[in-house]
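Novice: The structure is given below, and queries will be raised subsequently.
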Amino acid sequence: MWVCQACGWIYDPAQGDPDGNIAPGTAFEDIPDDWVCPVCGVGKDMFEKE
């Protein structure tokens, strides 16, 4: 699980981010670099592994 440090949204690789076109089962490392948090819009660099 990866947690957005700005808003607390959790990226769960098992769920992916369907609204962001990230398929379930996608590792955080494999998400495109231009992807942003679906809640607050910050970049991947604002996420920390939990």
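The way I read the labels, and the way they are meant: chains A, B, ... in the order of the structure tokens, residue 1 as the first residue of every chain, and ligand 1 as the first ligand shown, with later ones counted on from there.
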Tell me, as number ranges by chain, which residues lie within 9 Å of Trp2 of chain A, counting only C-alpha atoms; anything in the same chain fewer than 2 positions away does not count.
Specialist: A: 4, 9-13, 28, 47-50
Novice: I want to know what sits within 9 Å of Met46 of chain A, based on only C-alpha atoms, with residues of the same chain fewer than 3 positions away left out; could you give that as a list of chain:residue names?
Specialist: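 Listing them by chain and then by number gives A:Val3, A:Cys4, A:Gln5, A:Ala6, A:Cys37, A:Val42, A:Gly43.
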Novice: Keeping only N, CA, C and O atoms, write the selected residues to a file as a short mmCIF file (atom, residue, chain, number, x, y, z; two decimals), in the first residue's frame.
Specialist:
data_model
loop_
_atom_site.label_atom_id
_atom_site.label_comp_id
_atom_site.auth_asym_id
_atom_site.auth_seq_id
_atom_site.Cartn_x
_atom_site.Cartn_y
_atom_site.Cartn_z
N VAL A 3 0.64 5.52 0.51
CA VAL A 3 -0.23 6.55 1.08
C VAL A 3 0.18 7.93 0.58
O VAL A 3 1.36 8.30 0.62
N CYS A 4 -0.82 8.69 0.11
CA CYS A 4 -0.57 10.07 -0.30
C CYS A 4 -0.29 10.90 0.95
O CYS A 4 -1.12 10.94 1.88
N GLN A 5 0.85 11.57 0.98
CA GLN A 5 1.23 12.36 2.15
C GLN A 5 0.47 13.68 2.22
O GLN A 5 0.45 14.32 3.26
N ALA A 6 -0.19 14.06 1.15
CA ALA A 6 -0.95 15.31 1.15
C ALA A 6 -2.37 15.11 1.68
O ALA A 6 -2.87 15.94 2.43
N CYS A 37 -2.53 11.71 -7.78
CA CYS A 37 -3.49 11.25 -6.79
C CYS A 37 -4.89 11.62 -7.26
O CYS A 37 -5.15 12.77 -7.62
N VAL A 42 -1.75 15.50 -6.35
CA VAL A 42 -0.29 15.56 -6.25
C VAL A 42 0.35 14.39 -7.00
O VAL A 42 -0.30 13.39 -7.27
N GLY A 43 1.63 14.52 -7.31
CA GLY A 43 2.34 13.50 -8.07
C GLY A 43 2.78 12.31 -7.24
O GLY A 43 2.64 12.29 -6.01
#
Novice: Can you tell me which residues surround Asp19 of chain A at a distance of at most 12 Å, considering only C-alpha atoms, apart from same-chain residues fewer than 2 positions away, and format the answer as a VMD selection string?
Specialist: chain A and resid 15 to 17 21 to 24 35 to 39
Novice: Could the residues in this selection be written to a file with N, CA and C atoms, as a PDB file, in the first residue's frame?
Specialist:
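Below is the file that was written, part_36.pdb:
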ATOM      1  N   GLN A  15      -6.304  -3.133  -6.026  1.00  0.00           N
ATOM      2  CA  GLN A  15      -7.465  -2.395  -6.535  1.00  0.00           C
ATOM      3  C   GLN A  15      -7.131  -1.545  -7.756  1.00  0.00           C
ATOM      4  N   GLY A  16      -5.884  -1.077  -7.830  1.00  0.00           N
ATOM      5  CA  GLY A  16      -5.501  -0.157  -8.899  1.00  0.00           C
ATOM      6  C   GLY A  16      -6.203   1.179  -8.722  1.00  0.00           C
ATOM      7  N   ASP A  17      -6.339   1.914  -9.800  1.00  0.00           N
ATOM      8  CA  ASP A  17      -7.062   3.191  -9.804  1.00  0.00           C
ATOM      9  C   ASP A  17      -7.888   3.226 -11.086  1.00  0.00           C
ATOM     10  N   ASN A  21      -7.292   4.954 -14.999  1.00  0.00           N
ATOM     11  CA  ASN A  21      -6.864   3.964 -15.993  1.00  0.00           C
ATOM     12  C   ASN A  21      -5.682   3.114 -15.534  1.00  0.00           C
ATOM     13  N   ILE A  22      -5.613   2.856 -14.223  1.00  0.00           N
ATOM     14  CA  ILE A  22      -4.580   1.965 -13.678  1.00  0.00           C
ATOM     15  C   ILE A  22      -5.276   0.656 -13.313  1.00  0.00           C
ATOM     16  N   ALA A  23      -4.922  -0.408 -14.012  1.00  0.00           N
ATOM     17  CA  ALA A  23      -5.586  -1.699 -13.839  1.00  0.00           C
ATOM     18  C   ALA A  23      -5.278  -2.318 -12.483  1.00  0.00           C
ATOM     19  N   PRO A  24      -6.242  -3.068 -11.916  1.00  0.00           N
ATOM     20  CA  PRO A  24      -5.947  -3.829 -10.698  1.00  0.00           C
ATOM     21  C   PRO A  24      -4.740  -4.735 -10.921  1.00  0.00           C
ATOM     22  N   TRP A  35       1.072  10.137 -13.573  1.00  0.00           N
ATOM     23  CA  TRP A  35      -0.134   9.849 -12.808  1.00  0.00           C
ATOM     24  C   TRP A  35      -0.174  10.738 -11.574  1.00  0.00           C
ATOM     25  N   VAL A  36      -1.377  11.131 -11.165  1.00  0.00           N
ATOM     26  CA  VAL A  36      -1.529  11.952  -9.961  1.00  0.00           C
ATOM     27  C   VAL A  36      -2.568  11.331  -9.033  1.00  0.00           C
ATOM     28  N   CYS A  37      -2.525  11.709  -7.779  1.00  0.00           N
ATOM     29  CA  CYS A  37      -3.490  11.249  -6.788  1.00  0.00           C
ATOM     30  C   CYS A  37      -4.894  11.615  -7.263  1.00  0.00           C
ATOM     31  N   PRO A  38      -5.815  10.638  -7.266  1.00  0.00           N
ATOM     32  CA  PRO A  38      -7.166  10.921  -7.752  1.00  0.00           C
ATOM     33  C   PRO A  38      -7.973  11.827  -6.833  1.00  0.00           C
ATOM     34  N   VAL A  39      -7.517  12.037  -5.605  1.00  0.00           N
ATOM     35  CA  VAL A  39      -8.250  12.881  -4.664  1.00  0.00           C
ATOM     36  C   VAL A  39      -7.732  14.311  -4.670  1.00  0.00           C
TER      37      VAL A  39
END
Novice: Using DSSP on the backbone, list every residue of chain A that comes out as strand (DSSP E), and give them as a ChimeraX atom specification.
Specialist: /A:2-4,10-11,47-49
